[in-house]
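J.: Input file: input.txt. Contents: compact mmCIF, C-alpha atoms.
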```
# COMPACT_ATOMS: atom_id res chain seq x y z
CA MET K 308 172.93 51.40 33.93
CA ALA K 309 170.14 52.79 36.13
CA LYS K 310 167.38 54.62 34.24
CA ARG K 311 167.29 58.35 34.95
CA LYS K 312 164.28 59.57 36.89
CA ARG K 313 161.81 61.46 34.71
CA ASP K 314 161.65 65.17 35.43
CA ARG K 315 158.38 66.94 36.18
CA LEU K 316 158.18 68.54 32.76
CA SER K 317 158.40 65.14 31.03
CA ILE K 318 155.71 63.77 33.34
CA LEU K 319 153.50 66.79 32.63
CA PHE K 320 154.06 66.35 28.90
CA ASP K 321 153.16 62.62 29.07
CA ILE K 322 149.97 63.35 31.05
CA LEU K 323 148.85 66.11 28.69
CA LYS K 324 149.65 63.92 25.67
CA ALA K 325 147.64 60.97 27.01
CA LEU K 326 144.67 63.17 27.89
CA SER K 327 144.78 65.01 24.57
CA GLU K 328 144.07 61.70 22.86
CA GLU K 329 141.22 60.65 25.15
CA PRO K 330 139.87 61.56 28.63
CA GLN K 331 140.91 58.92 31.18
CA ASN K 332 140.31 57.74 34.71
CA PRO K 333 143.37 57.94 37.02
CA THR K 334 143.95 54.17 37.13
CA LYS K 335 144.16 53.85 33.34
CA LEU K 336 146.15 57.07 33.10
CA ALA K 337 148.67 55.78 35.67
CA THR K 338 149.31 52.82 33.37
CA LEU K 339 149.55 55.01 30.29
CA VAL K 340 152.07 57.44 31.79
CA ASN K 341 153.85 54.71 33.73
CA MET K 342 153.73 56.07 37.28
CA PRO K 343 152.28 55.12 40.67
CA TYR K 344 148.62 56.00 41.19
CA ASP K 345 149.22 58.01 44.42
CA ARG K 346 151.86 60.21 42.82
CA LEU K 347 149.77 60.71 39.72
CA LYS K 348 146.71 61.67 41.79
CA LYS K 349 148.69 64.48 43.48
CA ILE K 350 149.88 65.79 40.12
CA LEU K 351 146.35 65.64 38.69
CA ASP K 352 145.05 67.68 41.64
CA GLU K 353 147.81 70.27 41.01
CA LEU K 354 146.96 70.45 37.31
CA VAL K 355 143.26 70.89 38.05
CA GLU K 356 144.21 73.71 40.44
CA LYS K 357 146.34 75.32 37.70
CA GLY K 358 143.37 75.10 35.35
CA LEU K 359 145.05 72.75 32.88
CA LEU K 360 142.74 69.80 33.54
CA GLN K 361 139.06 69.36 34.25
CA TYR K 362 137.18 66.33 35.47
CA GLU K 363 133.75 64.81 35.39
CA ASP K 364 132.43 62.34 37.97
CA GLN K 365 130.79 59.37 36.30
CA GLY K 366 129.33 57.42 39.21
CA ARG K 367 132.29 56.38 41.38
CA VAL K 368 134.83 57.07 38.66
CA ARG K 369 136.42 60.44 37.99
CA ILE K 370 137.31 61.07 34.35
CA TYR K 371 140.04 63.63 33.67
CA GLY K 372 140.37 65.58 30.45
CA LEU K 373 142.21 68.63 29.14
CA SER K 374 140.67 72.05 29.67
CA GLN K 375 140.93 74.66 26.89
CA GLU K 376 143.92 76.10 28.78
CA GLY K 377 145.46 72.63 29.08
CA LEU K 378 145.07 72.06 25.35
CA ARG K 379 146.78 75.41 24.65
CA VAL K 380 149.66 74.54 27.00
CA TYR K 381 150.03 71.10 25.38
CA GLU K 382 150.21 72.69 21.92
CA GLU K 383 152.82 75.17 23.14
CA LEU K 384 154.82 72.46 24.91
CA LYS K 385 154.88 70.47 21.66
CA ARG K 386 156.30 73.54 19.91
CA ILE K 387 159.05 74.11 22.49
CA ARG K 388 159.73 70.43 23.15
CA LYS K 389 162.60 70.07 20.69
CA VAL K 390 164.35 73.16 22.10
CA LEU K 391 164.09 71.87 25.67
CA GLN K 392 165.29 68.41 24.61
CA ASP K 393 168.33 69.91 22.92
CA TYR K 394 169.35 71.54 26.23
CA GLY K 395 168.69 68.37 28.25
CA LEU K 396 165.75 69.97 30.04
CA LEU K 397 163.25 67.44 28.72
CA ASP K 398 163.67 63.67 28.12
CA MET S 595 196.76 98.25 -5.58
CA LEU S 596 194.03 100.92 -5.80
CA LEU S 597 191.51 98.27 -6.75
CA PHE S 598 192.57 96.19 -3.72
CA LEU S 599 192.08 99.20 -1.40
CA ALA S 600 188.68 99.97 -2.93
CA ILE S 601 187.53 96.37 -2.39
CA GLY S 602 188.78 96.52 1.21
CA GLU S 603 186.91 99.76 1.90
CA ALA S 604 183.72 98.42 0.30
CA SER S 605 183.97 95.27 2.45
CA VAL S 606 184.20 97.38 5.62
CA ASN S 607 181.24 99.50 4.47
CA ILE S 608 179.16 96.38 3.88
CA TYR S 609 180.36 94.55 7.02
CA THR S 610 178.72 96.86 9.60
CA PRO S 611 175.20 96.92 8.09
CA LEU S 612 175.31 93.15 7.52
CA LEU S 613 176.40 92.58 11.11
CA LEU S 614 173.62 94.86 12.34
CA VAL S 615 171.04 93.00 10.23
CA ALA S 616 172.28 89.69 11.67
CA GLU S 617 172.03 91.07 15.23
CA LEU S 618 168.51 92.38 14.60
CA ILE S 619 167.33 89.08 13.09
CA SER S 620 168.63 87.10 16.08
CA SER S 621 167.18 89.69 18.49
CA ALA S 622 163.74 89.34 16.87
CA ALA S 623 163.94 85.53 16.99
CA PHE S 624 165.06 85.56 20.63
CA ALA S 625 162.27 88.04 21.46
CA TYR S 626 159.72 85.67 19.92
CA LEU S 627 161.14 82.72 21.90
CA THR S 628 161.22 84.80 25.09
CA VAL S 629 157.54 85.73 24.76
CA LEU S 630 156.61 82.10 23.99
CA PHE S 631 158.58 80.72 26.94
CA ILE S 632 157.33 83.38 29.37
CA ARG S 633 153.78 82.40 28.38
CA VAL S 634 154.44 78.68 28.94
CA CYS S 635 156.40 79.41 32.12
CA LYS S 636 153.46 81.35 33.60
CA ARG S 637 151.12 78.44 32.87
CA VAL S 638 153.17 75.40 33.93
CA ARG S 639 155.35 77.00 36.63
CA LEU S 640 158.13 74.40 36.39
CA GLU S 641 161.80 74.99 37.18
CA SER S 642 163.19 73.62 33.91
CA VAL S 643 160.97 75.92 31.79
CA MET S 644 161.78 78.85 34.07
CA LEU S 645 165.55 78.23 33.72
CA TYR S 646 165.29 78.17 29.94
CA THR S 647 163.12 81.30 29.99
CA ILE S 648 165.79 83.08 32.05
CA PHE S 649 168.49 81.81 29.68
CA ILE S 650 166.71 82.97 26.53
CA THR S 651 165.80 86.33 28.13
CA PHE S 652 169.46 86.97 28.98
CA LEU S 653 170.49 86.00 25.45
CA LEU S 654 167.91 88.45 24.08
CA LEU S 655 169.26 91.25 26.31
CA SER S 656 172.78 90.30 25.24
CA GLN S 657 171.81 90.55 21.56
CA ILE S 658 170.13 93.92 22.10
CA CYS S 659 173.32 95.22 23.75
CA ALA S 660 175.40 93.82 20.89
CA ALA S 661 173.14 95.50 18.31
CA LEU S 662 173.22 98.81 20.20
CA SER S 663 177.02 98.63 20.50
CA ILE S 664 177.17 98.74 16.70
CA VAL S 665 174.90 101.77 16.25
CA VAL S 666 175.93 104.06 19.13
CA PRO S 667 178.34 106.77 18.00
CA SER S 668 180.37 106.94 21.22
CA ALA S 669 183.27 104.48 21.42
CA ARG S 670 183.03 104.42 25.22
CA LEU S 671 179.32 103.59 25.17
CA ALA S 672 179.91 100.95 22.52
CA THR S 673 182.57 99.33 24.73
CA ALA S 674 180.22 99.34 27.74
CA LEU S 675 177.46 97.72 25.67
CA TYR S 676 179.91 95.20 24.24
CA ILE S 677 180.92 94.13 27.77
CA ALA S 678 177.27 94.08 28.86
CA SER S 679 176.47 91.73 25.96
CA SER S 680 179.03 89.12 27.07
CA SER S 681 178.14 89.52 30.78
CA LEU S 682 174.44 89.00 30.06
CA ALA S 683 175.19 85.95 27.91
CA LEU S 684 177.38 84.60 30.75
CA ALA S 685 174.49 85.04 33.20
CA GLY S 686 172.24 83.12 30.82
CA PHE S 687 174.68 80.22 30.43
CA ILE S 688 175.12 80.01 34.20
CA ALA S 689 171.33 79.77 34.59
CA LEU S 690 171.38 76.64 32.46
CA LEU S 691 174.43 75.22 34.26
CA SER S 692 172.39 74.85 37.43
CA PRO S 693 174.20 72.58 39.92
CA PHE S 694 170.93 70.73 40.52
CA ARG S 695 171.17 69.18 37.09
CA GLY S 696 174.84 68.65 36.47
CA THR S 697 177.78 66.58 37.62
CA GLY S 698 180.22 67.21 40.49
CA GLU S 699 182.53 69.25 38.26
CA LEU S 700 180.01 72.06 38.20
CA TYR S 701 180.49 72.57 41.91
CA ILE S 702 184.10 73.54 41.14
CA PHE S 703 183.63 75.56 37.96
CA LEU S 704 180.39 77.34 38.80
CA PRO S 705 181.77 79.29 41.81
CA LEU S 706 184.75 80.36 39.69
CA LEU S 707 182.39 81.55 36.95
CA ILE S 708 180.19 83.36 39.46
CA THR S 709 183.22 84.91 41.18
CA SER S 710 184.92 86.27 38.06
CA PRO S 711 182.41 89.13 37.36
CA ASP S 712 182.60 90.15 41.04
CA ILE S 713 186.39 90.31 40.98
CA LEU S 714 186.33 92.23 37.66
CA ALA S 715 183.72 94.64 39.08
CA GLY S 716 185.99 95.12 42.11
CA VAL S 717 189.10 95.75 39.98
CA PHE S 718 187.40 98.21 37.63
CA SER S 719 185.61 100.09 40.40
CA THR S 720 188.98 100.42 42.19
CA LEU S 721 190.53 101.76 38.99
CA LEU S 722 187.67 104.23 38.66
CA ILE S 723 188.10 105.39 42.27
CA VAL S 724 191.87 105.81 41.94
CA LYS S 725 191.77 107.61 38.61
CA ARG S 726 188.58 109.64 38.63
CA VAL S 727 186.25 109.80 41.58
CA ARG S 728 186.25 112.71 44.04
CA GLY S 729 184.47 113.90 47.17
CA ARG S 730 182.24 111.75 49.33
CA THR S 731 181.37 109.62 46.31
CA ARG S 732 184.89 108.20 46.64
CA HIS S 733 184.07 106.79 50.11
CA PHE S 734 180.73 105.27 49.10
CA LEU S 735 182.13 103.81 45.90
CA SER S 736 185.07 102.37 47.87
CA ILE S 737 182.66 100.49 50.13
CA LEU S 738 180.77 99.23 47.09
CA SER S 739 184.05 98.24 45.44
CA ALA S 740 185.21 96.36 48.57
CA SER S 741 181.90 94.54 48.74
CA TYR S 742 182.54 93.06 45.28
CA TYR S 743 185.89 91.62 46.40
CA ILE S 744 184.29 90.20 49.55
CA ARG S 745 181.41 88.86 47.46
CA GLY S 746 183.83 87.04 45.16
CA LEU S 747 185.63 85.60 48.20
CA GLY S 748 182.28 84.74 49.77
CA ALA S 749 181.12 82.84 46.68
CA LEU S 750 184.30 80.73 46.73
CA LEU S 751 184.14 80.08 50.49
CA THR S 752 180.47 79.17 50.24
CA ALA S 753 181.20 76.69 47.47
CA PHE S 754 184.25 75.07 49.00
CA GLN S 755 183.58 75.31 52.75
CA GLY S 756 179.81 75.56 52.81
CA THR S 757 179.86 78.69 54.96
CA PHE S 758 177.43 81.41 53.99
CA LEU S 759 178.73 83.96 56.49
CA VAL S 760 181.14 85.88 54.20
CA LEU S 761 178.55 85.90 51.40
CA LEU S 762 175.87 87.24 53.74
CA VAL S 763 178.24 89.92 55.08
CA SER S 764 179.29 90.95 51.56
CA GLU S 765 175.68 91.18 50.38
CA ALA S 766 174.82 93.33 53.40
CA VAL S 767 177.85 95.58 52.75
CA ARG S 768 177.02 95.85 49.05
CA ALA S 769 173.37 96.66 49.74
CA CYS S 770 174.34 99.34 52.31
CA ALA S 771 176.96 100.83 49.97
CA ALA S 772 174.44 100.92 47.13
CA VAL S 773 171.90 102.68 49.37
CA LEU S 774 174.51 105.22 50.54
CA LEU S 775 175.71 105.91 47.00
CA ALA S 776 172.16 106.20 45.64
CA LEU S 777 171.04 108.50 48.48
CA HIS S 778 174.22 110.58 48.19
CA HIS S 779 173.63 111.21 44.48
CA THR S 780 169.90 111.80 45.05
CA ALA S 781 170.77 114.36 47.73
CA GLN S 782 173.23 116.04 45.34
CA VAL S 783 170.49 116.28 42.72
CA LEU S 784 167.92 117.60 45.21
CA VAL S 785 170.33 120.19 46.65
CA TYR S 786 171.15 121.31 43.12
CA GLY S 787 167.43 121.73 42.46
CA LYS S 788 167.04 123.90 45.58
CA GLU S 789 170.09 125.97 44.69
CA GLU S 790 168.53 126.60 41.31
CA GLU S 791 165.26 127.70 42.95
CA GLY S 792 167.15 130.00 45.36
```
Please, can you express the file's structure as structure tokens?

T.:
Amino acid sequence: MAKRKRDRLSILFDILKALSEEPQNPTKLATLVNMPYDRLKKILDELVEKGLLQYEDQGRVRIYGLSQEGLRVYEELKRIRKVLQDYGLLD
Amino acid sequence: MLLFLAIGEASVNIYTPLLLVAELISSAAFAYLTVLFIRVCKRVRLESVMLYTIFITFLLLSQICAALSIVVPSARLATALYIASSSLALAGFIALLSPFRGTGELYIFLPLLITSPDILAGVFSTLLIVKRVRGRTRHFLSILSASYYIRGLGALLTAFQGTFLVLLVSEAVRACAAVLLALHHTAQVLVYGKEEEG
């Protein structure tokens, strides 16, 4: 049976979870959250714009981490995760 | 026999406060969840969180109506609140049954669910017009009533034939009727105020 495509909320949750453990560069993060680099880069830009992520340029590499706001959202998403899963709104 | 009657009466006396307490507890819990989800919704701006936020908000409103239906003294008001509670819950469930997420069956059942409140609104507004309403209000309410029937028909046609025309017409008719009715009553109130001044 074909695997169901992950919804945006699950992707967001996976990104926030990975970055809550350790700041990452996009290439490593793409591996951790199992998605193509190009798609991930777009999402990271959106999340920076929403104020959930922040980055630091270390030479040619950009390292992404959670902002204070991002950390708060991650904590709240963890709290509501079970509810959303029960309604099939989150994988 | 007397003991049996006394127990029965005591049960009824206890039932209402217990029911009210249950309604208030669930209302408070839903209110907490609503605030939490609105906060997350504002930050992540994702459709799935928004749908759940809408769902839980409607359930909260439904619970508030249910709680109020217990405490209001008027039987008529209690009935109105009772109906509002189920209608609001229905709206919440429909929000979660979004056709974007479900199977093909939803395309059949969802229009029927959406149509049913329109048809009921049409039937009851017609009953109101026939039995009660007088003057120009009767004309404006008739247009509003007709718009609900057309809206129900429009929802079905849109679902099964993919044509938005009837739905668009019904929405326009409903909006116009609502404006006419609102302005008519506002004018009545304003004229009354002037008469009082005179």

J.: Considering only C-alpha atoms, tabulate each residue of chain S that lies at most 12 Å from chain K along with its nearest interatomic pair and the corresponding distance in Å to one decimal; arrange the rows by chain and ascending residue number and present them as JSON lines.

T.:
```
{"residue": "S:Tyr626", "atom": "CA", "partner": "K:Ile387", "partner_atom": "CA", "distance": 11.9}
{"residue": "S:Leu627", "atom": "CA", "partner": "K:Ile387", "partner_atom": "CA", "distance": 8.9}
{"residue": "S:Thr628", "atom": "CA", "partner": "K:Ile387", "partner_atom": "CA", "distance": 11.2}
{"residue": "S:Val629", "atom": "CA", "partner": "K:Glu383", "partner_atom": "CA", "distance": 11.7}
{"residue": "S:Leu630", "atom": "CA", "partner": "K:Glu383", "partner_atom": "CA", "distance": 7.9}
{"residue": "S:Phe631", "atom": "CA", "partner": "K:Ile387", "partner_atom": "CA", "distance": 8.0}
{"residue": "S:Ile632", "atom": "CA", "partner": "K:Glu383", "partner_atom": "CA", "distance": 11.2}
{"residue": "S:Arg633", "atom": "CA", "partner": "K:Glu383", "partner_atom": "CA", "distance": 9.0}
{"residue": "S:Val634", "atom": "CA", "partner": "K:Val380", "partner_atom": "CA", "distance": 6.6}
{"residue": "S:Cys635", "atom": "CA", "partner": "K:Val380", "partner_atom": "CA", "distance": 9.8}
{"residue": "S:Lys636", "atom": "CA", "partner": "K:Lys357", "partner_atom": "CA", "distance": 10.2}
{"residue": "S:Arg637", "atom": "CA", "partner": "K:Val380", "partner_atom": "CA", "distance": 7.2}
{"residue": "S:Val638", "atom": "CA", "partner": "K:Lys357", "partner_atom": "CA", "distance": 7.8}
{"residue": "S:Arg639", "atom": "CA", "partner": "K:Lys357", "partner_atom": "CA", "distance": 9.2}
{"residue": "S:Leu640", "atom": "CA", "partner": "K:Leu316", "partner_atom": "CA", "distance": 6.9}
{"residue": "S:Glu641", "atom": "CA", "partner": "K:Leu316", "partner_atom": "CA", "distance": 8.6}
{"residue": "S:Ser642", "atom": "CA", "partner": "K:Leu396", "partner_atom": "CA", "distance": 5.9}
{"residue": "S:Val643", "atom": "CA", "partner": "K:Leu396", "partner_atom": "CA", "distance": 7.8}
{"residue": "S:Met644", "atom": "CA", "partner": "K:Leu396", "partner_atom": "CA", "distance": 10.5}
{"residue": "S:Leu645", "atom": "CA", "partner": "K:Leu396", "partner_atom": "CA", "distance": 9.0}
{"residue": "S:Tyr646", "atom": "CA", "partner": "K:Leu391", "partner_atom": "CA", "distance": 7.7}
{"residue": "S:Thr647", "atom": "CA", "partner": "K:Leu391", "partner_atom": "CA", "distance": 10.4}
{"residue": "S:Phe649", "atom": "CA", "partner": "K:Tyr394", "partner_atom": "CA", "distance": 10.9}
{"residue": "S:Ile650", "atom": "CA", "partner": "K:Val390", "partner_atom": "CA", "distance": 11.0}
{"residue": "S:Phe687", "atom": "CA", "partner": "K:Tyr394", "partner_atom": "CA", "distance": 11.0}
{"residue": "S:Ala689", "atom": "CA", "partner": "K:Tyr394", "partner_atom": "CA", "distance": 11.9}
{"residue": "S:Leu690", "atom": "CA", "partner": "K:Tyr394", "partner_atom": "CA", "distance": 8.3}
{"residue": "S:Leu691", "atom": "CA", "partner": "K:Tyr394", "partner_atom": "CA", "distance": 10.2}
{"residue": "S:Ser692", "atom": "CA", "partner": "K:Leu396", "partner_atom": "CA", "distance": 11.1}
{"residue": "S:Phe694", "atom": "CA", "partner": "K:Leu396", "partner_atom": "CA", "distance": 11.7}
{"residue": "S:Arg695", "atom": "CA", "partner": "K:Leu396", "partner_atom": "CA", "distance": 8.9}
{"residue": "S:Gly696", "atom": "CA", "partner": "K:Gly395", "partner_atom": "CA", "distance": 10.3}
```

J.: Got a sec: who's within 12 Å of segment 723-733 of chain S, counting all atoms listed in the file, leaving out chain neighbours fewer than 3 positions off, as a PyMOL selection string?

T.: chain S and resi 716-720+736-740+771-772+774-782

J.: Counting all atoms listed in the file, note down every residue that has an atom within 12 Å of the point (182.8, 81.6, 40.5) (file coordinates), as an mmCIF file with C-alpha atoms, in the frame of the given file.

T.:
```cif
data_model
loop_
_atom_site.group_PDB
_atom_site.id
_atom_site.type_symbol
_atom_site.label_atom_id
_atom_site.label_comp_id
_atom_site.auth_asym_id
_atom_site.auth_seq_id
_atom_site.Cartn_x
_atom_site.Cartn_y
_atom_site.Cartn_z
ATOM 1 C CA LEU S 684 177.380 84.600 30.750
ATOM 2 C CA ALA S 685 174.490 85.040 33.200
ATOM 3 C CA ILE S 688 175.120 80.010 34.200
ATOM 4 C CA LEU S 700 180.010 72.060 38.200
ATOM 5 C CA TYR S 701 180.490 72.570 41.910
ATOM 6 C CA ILE S 702 184.100 73.540 41.140
ATOM 7 C CA PHE S 703 183.630 75.560 37.960
ATOM 8 C CA LEU S 704 180.390 77.340 38.800
ATOM 9 C CA PRO S 705 181.770 79.290 41.810
ATOM 10 C CA LEU S 706 184.750 80.360 39.690
ATOM 11 C CA LEU S 707 182.390 81.550 36.950
ATOM 12 C CA ILE S 708 180.190 83.360 39.460
ATOM 13 C CA THR S 709 183.220 84.910 41.180
ATOM 14 C CA SER S 710 184.920 86.270 38.060
ATOM 15 C CA PRO S 711 182.410 89.130 37.360
ATOM 16 C CA ASP S 712 182.600 90.150 41.040
ATOM 17 C CA ILE S 713 186.390 90.310 40.980
ATOM 18 C CA LEU S 714 186.330 92.230 37.660
ATOM 19 C CA ARG S 745 181.410 88.860 47.460
ATOM 20 C CA GLY S 746 183.830 87.040 45.160
ATOM 21 C CA LEU S 747 185.630 85.600 48.200
ATOM 22 C CA GLY S 748 182.280 84.740 49.770
ATOM 23 C CA ALA S 749 181.120 82.840 46.680
ATOM 24 C CA LEU S 750 184.300 80.730 46.730
ATOM 25 C CA LEU S 751 184.140 80.080 50.490
ATOM 26 C CA THR S 752 180.470 79.170 50.240
ATOM 27 C CA ALA S 753 181.200 76.690 47.470
ATOM 28 C CA PHE S 754 184.250 75.070 49.000
#
```

J.: What is the atom CA of Thr651 of chain S to atom CA of Pro611 of chain S distance in Å?

T.: 24.5 Å

J.: Just how far from atom CA of Ile648 of chain S is atom CA of Leu326 of chain K, in Å to one decimal?

T.: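 For atom CA of Leu326 of chain K relative to atom CA of Ile648 of chain S, the distance reads 29.3 Å.
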
J.: Hey, could you patch up segment 718-744 of chain S with N, CA and C atoms and hand it over as a compact mmCIF listing (two decimals), in the frame of the given file?

T.:
```
# COMPACT_ATOMS: atom_id res chain seq x y z
N PHE S 718 187.71 97.02 38.43
CA PHE S 718 187.40 98.21 37.63
C PHE S 718 186.84 99.35 38.47
N SER S 719 186.09 99.00 39.53
CA SER S 719 185.61 100.09 40.40
C SER S 719 186.79 100.71 41.16
N THR S 720 187.78 99.89 41.53
CA THR S 720 188.98 100.42 42.19
C THR S 720 189.73 101.36 41.24
N LEU S 721 189.86 100.92 40.00
CA LEU S 721 190.53 101.76 38.99
C LEU S 721 189.82 103.10 38.85
N LEU S 722 188.48 103.02 38.81
CA LEU S 722 187.67 104.23 38.66
C LEU S 722 187.90 105.18 39.85
N ILE S 723 187.92 104.58 41.05
CA ILE S 723 188.10 105.39 42.27
C ILE S 723 189.47 106.07 42.25
N VAL S 724 190.49 105.29 41.93
CA VAL S 724 191.87 105.81 41.94
C VAL S 724 192.05 106.91 40.90
N LYS S 725 191.48 106.70 39.72
CA LYS S 725 191.77 107.61 38.61
C LYS S 725 190.82 108.81 38.52
N ARG S 726 189.59 108.66 38.96
CA ARG S 726 188.58 109.64 38.63
C ARG S 726 187.81 110.26 39.79
N VAL S 727 187.32 109.39 40.68
CA VAL S 727 186.25 109.80 41.58
C VAL S 727 186.74 110.73 42.70
N ARG S 728 185.88 111.73 43.02
CA ARG S 728 186.25 112.71 44.04
C ARG S 728 185.16 112.82 45.10
N GLY S 729 185.46 113.57 46.14
CA GLY S 729 184.47 113.90 47.17
C GLY S 729 184.00 112.69 47.96
N ARG S 730 182.79 112.84 48.52
CA ARG S 730 182.24 111.75 49.33
C ARG S 730 181.92 110.51 48.50
N THR S 731 181.67 110.75 47.23
CA THR S 731 181.37 109.62 46.31
C THR S 731 182.49 108.59 46.38
N ARG S 732 183.73 109.08 46.56
CA ARG S 732 184.89 108.20 46.64
C ARG S 732 184.74 107.19 47.78
N HIS S 733 184.23 107.68 48.95
CA HIS S 733 184.07 106.79 50.11
C HIS S 733 182.99 105.73 49.84
N PHE S 734 181.85 106.20 49.32
CA PHE S 734 180.73 105.27 49.10
C PHE S 734 181.08 104.24 48.02
N LEU S 735 181.75 104.72 46.98
CA LEU S 735 182.13 103.81 45.90
C LEU S 735 183.20 102.82 46.37
N SER S 736 184.05 103.28 47.31
CA SER S 736 185.07 102.37 47.87
C SER S 736 184.42 101.23 48.62
N ILE S 737 183.36 101.55 49.39
CA ILE S 737 182.66 100.49 50.13
C ILE S 737 182.02 99.52 49.14
N LEU S 738 181.41 100.08 48.10
CA LEU S 738 180.77 99.23 47.09
C LEU S 738 181.82 98.35 46.40
N SER S 739 182.97 98.97 46.09
CA SER S 739 184.05 98.24 45.44
C SER S 739 184.54 97.09 46.33
N ALA S 740 184.74 97.39 47.63
CA ALA S 740 185.21 96.36 48.57
C ALA S 740 184.21 95.22 48.67
N SER S 741 182.92 95.59 48.60
CA SER S 741 181.90 94.54 48.74
C SER S 741 181.98 93.53 47.60
N TYR S 742 182.43 94.01 46.40
CA TYR S 742 182.54 93.06 45.28
C TYR S 742 183.68 92.06 45.51
N TYR S 743 184.78 92.55 46.08
CA TYR S 743 185.89 91.62 46.40
C TYR S 743 185.42 90.60 47.44
N ILE S 744 184.74 91.11 48.49
CA ILE S 744 184.29 90.20 49.55
C ILE S 744 183.26 89.21 49.00
```
